[in-house]
Amino acid sequence: GPGGDPLHVEEMIAALAICADATHPQHAAAAASHGAHLYAASVMIDEDGYTRKVGLLQNYAKVHRMSVMMANYAGATGGWLSAGKSAIWSEDGRQVIASTGAEEALVIAQKQAGKWTGSVHPL
């Protein structure tokens, strides 16, 4: 869809994407044009589409100079098996952290003094 209003969290502006939205470069471009610092996508990507779709998200980070967060569904749904591997990329497109598979986990990234750190916490 066209996207909703950005979220203001403290001094950061976040834009949300739902699954297929994240596969349309114009969606991320619109988020960036509205001042987003973070593009947060909730998705369901299987192994077959994972490399291509993650490449899009990583590219959004580099092109638009905004961090990108991808929360990928963990497990099976509707006959599809998710790849999992939720991830976060910094503004230069570098992967900060990612989970290793389709396990349920909390993926956390933090930026302090210009430096990113990340961790994965299995649930």
# chains A, B, ... in the order shown; residues from 1 in each chain; ligands from 1
>>> residues_around(residues="Arg94 of chain A", least_positions_apart="3", cutoff="9 Å", atoms="only C-alpha atoms", output="list in words")
Gln58, Ala61, Lys62, Ile88, Trp89, Ser90 and Glu91 of chain A
>>> write_last_selection(atoms="N, CA and C atoms", output="PDB file, in the first residue's frame")
ATOM      1  N   GLN A  58      18.629  -4.790   2.010  1.00  0.00           N
ATOM      2  CA  GLN A  58      19.989  -4.297   2.225  1.00  0.00           C
ATOM      3  C   GLN A  58      20.274  -3.106   1.309  1.00  0.00           C
ATOM      4  N   ALA A  61      18.784   0.145   2.567  1.00  0.00           N
ATOM      5  CA  ALA A  61      19.614   0.760   3.607  1.00  0.00           C
ATOM      6  C   ALA A  61      20.718   1.596   2.975  1.00  0.00           C
ATOM      7  N   LYS A  62      21.408   1.029   1.996  1.00  0.00           N
ATOM      8  CA  LYS A  62      22.525   1.742   1.349  1.00  0.00           C
ATOM      9  C   LYS A  62      22.051   2.950   0.558  1.00  0.00           C
ATOM     10  N   ILE A  88      18.913  -7.083  10.782  1.00  0.00           N
ATOM     11  CA  ILE A  88      18.954  -5.621  10.857  1.00  0.00           C
ATOM     12  C   ILE A  88      20.214  -5.157  10.140  1.00  0.00           C
ATOM     13  N   TRP A  89      20.054  -4.114   9.291  1.00  0.00           N
ATOM     14  CA  TRP A  89      21.166  -3.531   8.545  1.00  0.00           C
ATOM     15  C   TRP A  89      21.355  -2.076   8.962  1.00  0.00           C
ATOM     16  N   SER A  90      22.596  -1.644   8.993  1.00  0.00           N
ATOM     17  CA  SER A  90      22.913  -0.248   9.318  1.00  0.00           C
ATOM     18  C   SER A  90      22.647   0.625   8.094  1.00  0.00           C
ATOM     19  N   GLU A  91      22.811   1.917   8.263  1.00  0.00           N
ATOM     20  CA  GLU A  91      22.539   2.879   7.201  1.00  0.00           C
ATOM     21  C   GLU A  91      23.444   2.717   5.982  1.00  0.00           C
TER      22      GLU A  91
END
>>> closest_residue(among="A:Tyr73, A:Ala17, A:Gly78, A:Ser67", to="Lys111 of chain A", atoms="only C-alpha atoms")
A:Ser67
>>> closest_residue(among="A:Leu106, A:Met44, A:Gly101, A:Leu16", to="Ala28 of chain A", atoms="only C-alpha atoms")
A:Leu16
>>> residues_around(residues="Glu47 of chain A", least_positions_apart="4", cutoff="12 Å", atoms="only C-alpha atoms", output="PyMOL selection string")
chain A and resi 51-54+72-76+80-85+101-102
>>> write_last_selection(atoms="C-alpha atoms", output="PDB file, in the first residue's frame")
ATOM      1  CA  THR A  51      18.407 -14.080  -1.015  1.00  0.00           C
ATOM      2  CA  ARG A  52      16.628 -11.831  -3.522  1.00  0.00           C
ATOM      3  CA  LYS A  53      14.324 -10.141  -1.024  1.00  0.00           C
ATOM      4  CA  VAL A  54      17.017  -9.620   1.590  1.00  0.00           C
ATOM      5  CA  ASN A  72      10.628 -12.649   9.223  1.00  0.00           C
ATOM      6  CA  TYR A  73       7.974 -15.089  10.363  1.00  0.00           C
ATOM      7  CA  ALA A  74       9.373 -18.172  12.098  1.00  0.00           C
ATOM      8  CA  GLY A  75       7.822 -21.505  11.165  1.00  0.00           C
ATOM      9  CA  ALA A  76       5.186 -22.795   8.770  1.00  0.00           C
ATOM     10  CA  TRP A  80       4.666 -22.222   3.341  1.00  0.00           C
ATOM     11  CA  LEU A  81       7.827 -22.666   5.403  1.00  0.00           C
ATOM     12  CA  SER A  82       9.540 -19.436   6.380  1.00  0.00           C
ATOM     13  CA  ALA A  83      13.303 -19.054   6.154  1.00  0.00           C
ATOM     14  CA  GLY A  84      13.358 -17.042   9.377  1.00  0.00           C
ATOM     15  CA  LYS A  85      16.735 -15.294   9.621  1.00  0.00           C
ATOM     16  CA  GLY A 101      17.247 -19.883  10.940  1.00  0.00           C
ATOM     17  CA  ALA A 102      13.521 -20.182  11.488  1.00  0.00           C
TER      18      ALA A 102
END
>>> atom_distance(atom1="atom CA of Ala14 of chain A", atom2="atom CA of Thr77 of chain A")
27.6 Å
>>> closest_residue(among="A:Ala15, A:Ala30, A:Glu103, A:Val96", to="Trp116 of chain A", atoms="only C-alpha atoms")
A:Val96
>>> select_by_dssp(residues="segment 14-76 of chain A", states="alpha helix (DSSP H)", output="PyMOL selection string")
chain A and resi 25-33+47-64
>>> write_last_selection(atoms="N, CA and C atoms", output="JSON list (two decimals), in the first residue's frame")
[["chain", "number", "residue", "atom", "x", "y", "z"],
["A", 25, "PRO", "N", 10.49, -1.08, -4.45],
["A", 25, "PRO", "CA", 11.46, -0.03, -4.13],
["A", 25, "PRO", "C", 10.82, 1.35, -3.89],
["A", 26, "GLN", "N", 9.72, 1.64, -4.55],
["A", 26, "GLN", "CA", 9.08, 2.95, -4.36],
["A", 26, "GLN", "C", 8.52, 3.09, -2.96],
["A", 27, "HIS", "N", 8.19, 1.98, -2.29],
["A", 27, "HIS", "CA", 7.68, 2.05, -0.92],
["A", 27, "HIS", "C", 8.78, 2.54, 0.03],
["A", 28, "ALA", "N", 9.97, 1.96, -0.10],
["A", 28, "ALA", "CA", 11.10, 2.38, 0.72],
["A", 28, "ALA", "C", 11.52, 3.81, 0.36],
["A", 29, "ALA", "N", 11.49, 4.14, -0.91],
["A", 29, "ALA", "CA", 11.85, 5.50, -1.35],
["A", 29, "ALA", "C", 10.90, 6.53, -0.73],
["A", 30, "ALA", "N", 9.61, 6.21, -0.70],
["A", 30, "ALA", "CA", 8.63, 7.13, -0.10],
["A", 30, "ALA", "C", 8.91, 7.29, 1.39],
["A", 31, "ALA", "N", 9.25, 6.19, 2.07],
["A", 31, "ALA", "CA", 9.58, 6.27, 3.50],
["A", 31, "ALA", "C", 10.77, 7.19, 3.72],
["A", 32, "ALA", "N", 11.79, 7.02, 2.90],
["A", 32, "ALA", "CA", 12.99, 7.86, 3.02],
["A", 32, "ALA", "C", 12.66, 9.33, 2.74],
["A", 33, "SER", "N", 11.81, 9.57, 1.75],
["A", 33, "SER", "CA", 11.47, 10.96, 1.41],
["A", 33, "SER", "C", 10.67, 11.64, 2.50],
["A", 47, "GLU", "N", 12.74, -19.84, 1.88],
["A", 47, "GLU", "CA", 14.14, -20.00, 1.44],
["A", 47, "GLU", "C", 14.33, -19.62, -0.02],
["A", 48, "ASP", "N", 13.36, -19.96, -0.88],
["A", 48, "ASP", "CA", 13.50, -19.67, -2.31],
["A", 48, "ASP", "C", 13.61, -18.18, -2.59],
["A", 49, "GLY", "N", 12.89, -17.35, -1.86],
["A", 49, "GLY", "CA", 12.90, -15.92, -2.10],
["A", 49, "GLY", "C", 13.84, -15.13, -1.20],
["A", 50, "TYR", "N", 14.46, -15.80, -0.23],
["A", 50, "TYR", "CA", 15.20, -15.10, 0.80],
["A", 50, "TYR", "C", 16.35, -14.25, 0.25],
["A", 51, "THR", "N", 17.23, -14.81, -0.54],
["A", 51, "THR", "CA", 18.41, -14.08, -1.01],
["A", 51, "THR", "C", 18.01, -12.83, -1.80],
["A", 52, "ARG", "N", 17.04, -12.97, -2.70],
["A", 52, "ARG", "CA", 16.63, -11.83, -3.52],
["A", 52, "ARG", "C", 15.97, -10.74, -2.67],
["A", 53, "LYS", "N", 15.07, -11.14, -1.80],
["A", 53, "LYS", "CA", 14.32, -10.14, -1.02],
["A", 53, "LYS", "C", 15.19, -9.47, 0.03],
["A", 54, "VAL", "N", 16.09, -10.22, 0.64],
["A", 54, "VAL", "CA", 17.02, -9.62, 1.59],
["A", 54, "VAL", "C", 17.95, -8.65, 0.87],
["A", 55, "GLY", "N", 18.32, -8.98, -0.36],
["A", 55, "GLY", "CA", 19.14, -8.06, -1.16],
["A", 55, "GLY", "C", 18.44, -6.73, -1.38],
["A", 56, "LEU", "N", 17.13, -6.77, -1.59],
["A", 56, "LEU", "CA", 16.36, -5.53, -1.74],
["A", 56, "LEU", "C", 16.45, -4.69, -0.47],
["A", 57, "LEU", "N", 16.22, -5.33, 0.67],
["A", 57, "LEU", "CA", 16.23, -4.60, 1.94],
["A", 57, "LEU", "C", 17.60, -4.01, 2.24],
["A", 58, "GLN", "N", 18.63, -4.79, 2.01],
["A", 58, "GLN", "CA", 19.99, -4.30, 2.23],
["A", 58, "GLN", "C", 20.27, -3.11, 1.31],
["A", 59, "ASN", "N", 19.80, -3.18, 0.09],
["A", 59, "ASN", "CA", 19.99, -2.08, -0.85],
["A", 59, "ASN", "C", 19.24, -0.83, -0.41],
["A", 60, "TYR", "N", 18.04, -0.99, 0.15],
["A", 60, "TYR", "CA", 17.30, 0.17, 0.65],
["A", 60, "TYR", "C", 18.13, 0.91, 1.70],
["A", 61, "ALA", "N", 18.78, 0.15, 2.57],
["A", 61, "ALA", "CA", 19.61, 0.76, 3.61],
["A", 61, "ALA", "C", 20.72, 1.60, 2.98],
["A", 62, "LYS", "N", 21.41, 1.03, 2.00],
["A", 62, "LYS", "CA", 22.52, 1.74, 1.35],
["A", 62, "LYS", "C", 22.05, 2.95, 0.56],
["A", 63, "VAL", "N", 21.05, 2.75, -0.29],
["A", 63, "VAL", "CA", 20.58, 3.81, -1.19],
["A", 63, "VAL", "C", 19.96, 4.97, -0.43],
["A", 64, "HIS", "N", 19.16, 4.66, 0.58],
["A", 64, "HIS", "CA", 18.41, 5.70, 1.29],
["A", 64, "HIS", "C", 19.05, 6.12, 2.61]]
>>> select_by_dssp(residues="chain A", states="strand (DSSP E or B)", output="ChimeraX atom specification")
/A:7-9,12-18,38-43,46,67-72,76-77,80-82,87-89,95-98,105-112,115-122
>>> closest_residue(among="A:Cys19, A:Gly118, A:Leu7, A:Ala105", to="Met70 of chain A", atoms="only C-alpha atoms")
A:Cys19
>>> atom_distance(atom1="atom CA of Ala20 of chain A", atom2="atom CA of Val120 of chain A")
25.1 Å
>>> closest_residue(among="A:Ser86, A:Val68, A:Gln95, A:Ile13", to="Ile45 of chain A", atoms="only C-alpha atoms")
A:Ser86
